[in-house]
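Structure file structure-v7.cif; described as mmCIF, C-alpha atoms.
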```cif
data_run
#
loop_
_atom_site.label_atom_id
_atom_site.label_comp_id
_atom_site.auth_asym_id
_atom_site.auth_seq_id
_atom_site.Cartn_x
_atom_site.Cartn_y
_atom_site.Cartn_z
CA MET S 787 99.53 130.15 54.41
CA ASN S 788 101.72 127.61 52.65
CA SER S 789 102.98 129.71 49.80
CA PHE S 790 103.09 133.47 49.64
CA ASP S 791 103.18 135.13 46.26
CA MET S 792 102.40 138.82 46.28
CA ASP S 793 100.95 139.77 42.93
CA ALA S 794 100.49 143.22 41.41
CA THR S 795 96.92 143.45 42.73
CA GLU S 796 98.04 142.89 46.31
CA LYS S 797 100.81 145.46 45.94
CA GLN S 798 98.30 147.93 44.56
CA LYS S 799 95.96 147.32 47.51
CA ILE S 800 98.82 148.01 49.94
CA LEU S 801 99.64 151.24 48.10
CA TYR S 802 95.98 152.26 48.15
CA LEU S 803 95.86 151.57 51.87
CA ILE S 804 98.99 153.67 52.50
CA GLN S 805 97.55 156.46 50.32
CA LYS S 806 94.22 156.20 52.21
CA ARG S 807 92.38 155.35 49.01
CA ILE S 808 90.95 152.28 50.75
CA THR S 809 90.21 151.69 54.42
CA LYS S 810 91.87 149.18 56.70
CA GLU S 811 88.60 147.27 56.74
CA ASP S 812 88.52 147.04 52.94
CA PHE S 813 92.11 145.83 52.89
CA LEU S 814 91.45 143.23 55.58
CA ALA S 815 88.42 141.97 53.67
CA SER S 816 90.59 141.56 50.57
CA ILE S 817 93.01 139.17 52.32
CA SER S 818 90.32 137.31 54.25
CA PRO S 819 90.30 134.75 55.79
CA VAL S 820 94.00 135.18 56.63
CA PRO S 821 94.63 137.39 59.70
CA VAL S 822 96.77 140.39 58.75
CA PHE S 823 99.53 139.47 61.23
CA ALA S 824 99.83 135.99 59.72
CA TYR S 825 99.75 137.51 56.23
CA MET S 826 102.68 139.80 57.06
CA ARG S 827 104.66 137.16 58.99
CA ASP S 828 104.25 134.46 56.37
CA GLY S 829 104.88 136.95 53.59
CA LEU S 830 108.13 138.13 55.16
CA GLN S 831 109.26 134.55 55.77
CA GLU S 832 108.56 133.55 52.19
CA SER S 833 110.16 136.75 50.88
CA LEU S 834 113.27 135.99 52.94
CA GLN S 835 113.49 132.48 51.53
CA ARG S 836 112.97 133.68 47.95
CA GLU S 837 115.06 136.84 48.34
CA ASP S 838 112.12 138.91 47.11
CA ALA S 839 113.13 142.50 47.93
CA GLU S 840 110.02 144.07 46.43
CA SER S 841 107.65 142.01 48.59
CA VAL S 842 109.73 142.85 51.69
CA TYR S 843 109.33 146.54 50.84
CA TYR S 844 105.55 146.27 50.46
CA LEU S 845 105.12 144.17 53.60
CA LEU S 846 107.11 146.67 55.63
CA MET S 847 104.80 149.41 54.33
CA LEU S 848 101.84 147.30 55.41
CA GLY S 849 103.42 146.92 58.83
CA SER S 850 103.38 150.69 59.18
CA LYS S 851 99.59 150.48 59.16
CA PHE S 852 99.05 147.39 61.31
CA ASP S 853 102.31 146.91 63.22
CA PHE S 854 103.91 143.49 63.36
CA SER S 855 103.27 140.69 65.82
CA GLU S 856 106.02 139.44 68.13
CA ASP S 857 106.32 136.22 66.15
CA THR S 858 107.77 138.32 63.32
CA VAL S 859 110.81 139.53 65.31
CA GLY S 860 113.04 136.59 64.34
CA ILE S 861 112.26 137.07 60.66
CA LEU S 862 112.98 140.80 60.89
CA CYS S 863 116.27 140.05 62.67
CA ASP S 864 117.18 137.69 59.83
CA LEU S 865 116.17 140.20 57.17
CA ILE S 866 118.18 143.06 58.67
CA ASN S 867 121.40 141.17 57.86
CA GLU S 868 120.52 140.32 54.26
CA LYS S 869 122.20 142.37 51.55
CA TRP S 870 119.84 141.53 48.65
CA HIS S 871 117.26 144.15 49.67
CA THR S 872 117.44 147.82 50.67
CA SER S 873 115.06 147.93 53.65
CA GLN S 874 117.55 147.50 56.49
CA GLU S 875 117.00 150.98 57.89
CA GLU S 876 113.22 150.52 58.04
CA ILE S 877 113.69 147.15 59.73
CA ALA S 878 116.04 148.74 62.30
CA ARG S 879 113.37 151.36 62.99
CA ILE S 880 110.69 148.72 63.48
CA LEU S 881 112.88 146.63 65.77
CA GLY S 882 113.83 149.66 67.84
CA MET S 883 110.35 151.15 68.08
CA GLN S 884 108.21 148.02 68.44
CA PHE S 885 110.42 145.18 69.57
CA ALA S 886 113.46 146.53 71.41
CA GLY S 887 112.78 144.16 74.32
CA THR S 888 112.52 141.03 72.19
CA LEU S 889 115.07 141.58 69.43
CA SER S 890 118.16 139.46 68.93
CA VAL S 891 121.01 141.58 70.26
CA GLU S 892 123.61 139.58 68.36
CA ARG S 893 121.86 139.87 64.99
CA VAL S 894 121.20 143.60 65.35
CA ALA S 895 124.82 144.19 66.41
CA THR S 896 126.01 142.21 63.39
CA ALA S 897 123.79 144.28 61.10
CA MET S 898 125.15 147.46 62.65
CA GLN S 899 128.65 146.43 61.55
CA ASN S 900 127.69 145.20 58.09
CA GLN S 901 128.56 147.12 54.96
CA TYR S 902 125.51 147.28 52.67
CA PRO S 903 126.20 148.11 49.01
CA HIS S 904 123.22 150.46 48.67
CA MET S 905 124.30 152.53 51.68
CA GLY S 906 127.67 153.38 50.17
CA SER S 907 129.29 156.16 52.15
CA GLU S 908 129.23 156.75 55.89
CA ASP S 909 126.68 159.52 55.31
CA PHE S 910 124.10 157.01 54.10
CA ARG S 911 125.05 154.33 56.62
CA PHE S 912 124.94 156.59 59.67
CA PRO S 913 121.11 156.77 60.11
CA PHE S 914 120.89 152.97 59.92
CA VAL S 915 123.67 152.43 62.45
CA ILE S 916 122.06 154.98 64.80
CA LYS S 917 118.74 153.10 64.66
CA CYS S 918 120.50 149.82 65.44
CA ALA S 919 122.34 151.42 68.36
CA TYR S 920 119.07 152.79 69.74
CA ALA S 921 117.48 149.34 69.44
CA LEU S 922 120.37 147.77 71.37
CA ALA S 923 120.33 150.49 74.03
CA ASP S 924 116.58 150.32 74.48
CA SER S 925 116.45 146.52 74.53
CA GLY S 926 116.53 146.55 78.31
CA LYS S 927 118.95 143.64 78.16
CA ALA S 928 122.33 143.51 79.86
CA GLU S 929 123.50 141.76 76.70
CA GLY S 930 122.57 144.88 74.69
CA ILE S 931 124.64 147.14 76.94
CA GLU S 932 127.60 144.75 76.83
CA LYS S 933 127.38 144.65 73.04
CA LEU S 934 127.34 148.47 72.92
CA LYS S 935 130.48 148.52 75.08
CA GLU S 936 132.17 146.18 72.61
CA LEU S 937 130.99 148.25 69.65
CA ALA S 938 132.25 151.45 71.31
CA CYS S 939 135.76 150.03 70.71
CA SER S 940 135.13 149.30 67.03
CA GLU S 941 137.57 150.46 64.38
CA ASP S 942 134.51 151.52 62.36
CA THR S 943 134.03 155.19 63.25
CA VAL S 944 130.28 155.22 62.57
CA VAL S 945 129.71 152.18 64.79
CA ARG S 946 132.08 153.38 67.53
CA VAL S 947 130.57 156.88 67.76
CA SER S 948 126.97 155.60 67.68
CA ALA S 949 127.59 152.97 70.36
CA GLN S 950 129.43 155.39 72.65
CA TRP S 951 126.68 157.98 72.26
CA GLN S 952 124.10 155.42 73.40
CA LEU S 953 126.23 154.44 76.39
CA ASP S 954 126.56 158.11 77.34
CA ARG S 955 122.80 158.59 76.95
CA LEU S 956 122.05 155.58 79.14
CA ALA S 957 124.51 156.86 81.76
CA GLY S 958 122.54 160.13 81.91
CA LYS S 959 125.38 162.22 80.48
CA ASN S 960 123.02 164.05 78.11
CA PRO S 961 125.36 163.84 75.10
CA GLU S 962 125.24 166.42 72.33
CA PRO S 963 123.11 165.35 69.34
CA LEU S 964 124.99 163.27 66.81
CA ILE S 965 125.51 165.09 63.54
CA TRP S 966 127.32 163.36 60.76
#
```
Structure re-expressed in structure tokens:
Amino acid sequence: MNSFDMDATEKQKILYLIQKRITKEDFLASISPVPVFAYMRDGLQESLQREDAESVYYLLMLGSKFDFSEDTVGILCDLINEKWHTSQEEIARILGMQFAGTLSVERVATAMQNQYPHMGSEDFRFPFVIKCAYALADSGKAEGIEKLKELACSEDTVVRVSAQWQLDRLAGKNPEPLIW
């Protein structure tokens, strides 16, 4: 796909799919002949380049139905650090649940430390930071553990507490649940 431009009809089809008003098969037929993984990957890449927050939102919803392919990880790692959209927490969830082993430790750690305007207070930022910390801890990479050790010394309380909790969990210390 050379140029991705999600129109109102495509957005409506995604909503109908999420609401189970159409089947996966009907949705797939509507985007034919493009494979759904290429549709989502190319759409996210184009949305990143154009800073199209609404398309990112819809494509992430679509990913909840079909999952993302591994060739989307780099785009998601780029998107998690962008401040022009409000889907960082959903991206952190996807990276942690589907791609912990292939994510970019550095980019997720950077996102964890970012201040996003729409998150405002620590109360709104905490769930996002927790998801990033889980993704780093579950990456299975020594680099992820080292980054958590660095982050456990952060001046940012939310980052420091989240990183230390993950280190304690990985060490088998069975830490108390984090409540913010």
For this session: Might you spell out which residues the PyMOL selection byres ((chain S and resi 828-833) around 7) would select in the displayed file, as a ChimeraX atom specification?
Result: /S:787,790,824-827,834-838,841-842,845,861
For this session: Excluding Gln874 (chain S) and any residue of its chain fewer than 2 positions from it, enumerate the residues within 12 Å of it, using all atoms listed in the file, and give them as a PyMOL selection string.
Result: chain S and resi 839+842-843+846+862-872+876-881+894+897-898+900-905+910-911+913-915+917-918
For this session: Would you mind listing what lies within 7 Å of Phe854 (chain S) as a list in words, with only C-alpha atoms counted and same-chain residues fewer than 4 positions away left out?
Result: Phe823, Gly849 and Thr858 of chain S
Exercise. Quick one: of S:Ala886, S:Ala919, S:Leu814, S:Ala895, who's nearest to Phe852 (chain S), counting all atoms listed in the file?
Worked result: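 Result for the nearest residue to Phe852 (chain S): S:Leu814.
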Please, which residues in region 840-939 of chain S fall within 10 Å of region 803-811 of chain S when counting all atoms listed in the file, and what is the closest atom pair and distance in Å to one decimal for each, ordered by chain then residue number, as CSV?
```
residue,atom,partner,partner_atom,distance
S:Met847,CA,S:Ile804,CA,7.4
S:Leu848,CA,S:Ile804,CA,7.6
S:Ser850,CA,S:Ile804,CA,8.5
S:Lys851,CA,S:Ile804,CA,7.4
S:Phe852,CA,S:Lys810,CA,8.7
```
Problem set entry | Nearby residues, (116.4, 147.3, 73.2) file frame, 9 Å, all atoms listed in the file, as a list of chain:residue names |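 Residues close enough to count: S:Leu881, S:Gly882, S:Met883, S:Phe885, S:Ala886, S:Gly887, S:Thr888, S:Leu889, S:Val891, S:Ala919, S:Tyr920, S:Ala921, S:Leu922, S:Ala923, S:Asp924, S:Ser925, S:Gly926, S:Lys927, S:Gly930.
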Exercise. S:Asp853, S:Ser873, S:Phe813, S:Val859: which is nearest Arg893 (chain S), counting only C-alpha atoms?
Worked result: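 With only C-alpha atoms as the atom set, the closest residue is S:Val859.
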Exercise. Suppose you want the space between CA of Leu956 (chain S) and CA of Lys935 (chain S); what is it in Å?
Worked result: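 According to the coordinates, CA of Leu956 (chain S) and CA of Lys935 (chain S) are separated by 11.7 Å.
The set of residues that the PyMOL selection byres ((chain S and resi 934) around 9) takes from this file is Ala895, Ala919, Leu922, Ala923, Glu929, Gly930, Ile931, Glu932, Lys933, Lys935, Glu936, Leu937, Ala938, Cys939, Arg946, Ser948, Ala949, Gln950, Gln952 and Leu953 of chain S.
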For this session: Tell me, in Å to one decimal, how far CA of Val947 (chain S) is from CA of Gly860 (chain S).
Result: 27.0 Å
For this session: Could you tell me how far CA of Pro821 (chain S) lies from CA of Ser890 (chain S), in Å and to one decimal?
Result: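 We find that CA of Pro821 (chain S) and CA of Ser890 (chain S) lie 25.4 Å from each other.
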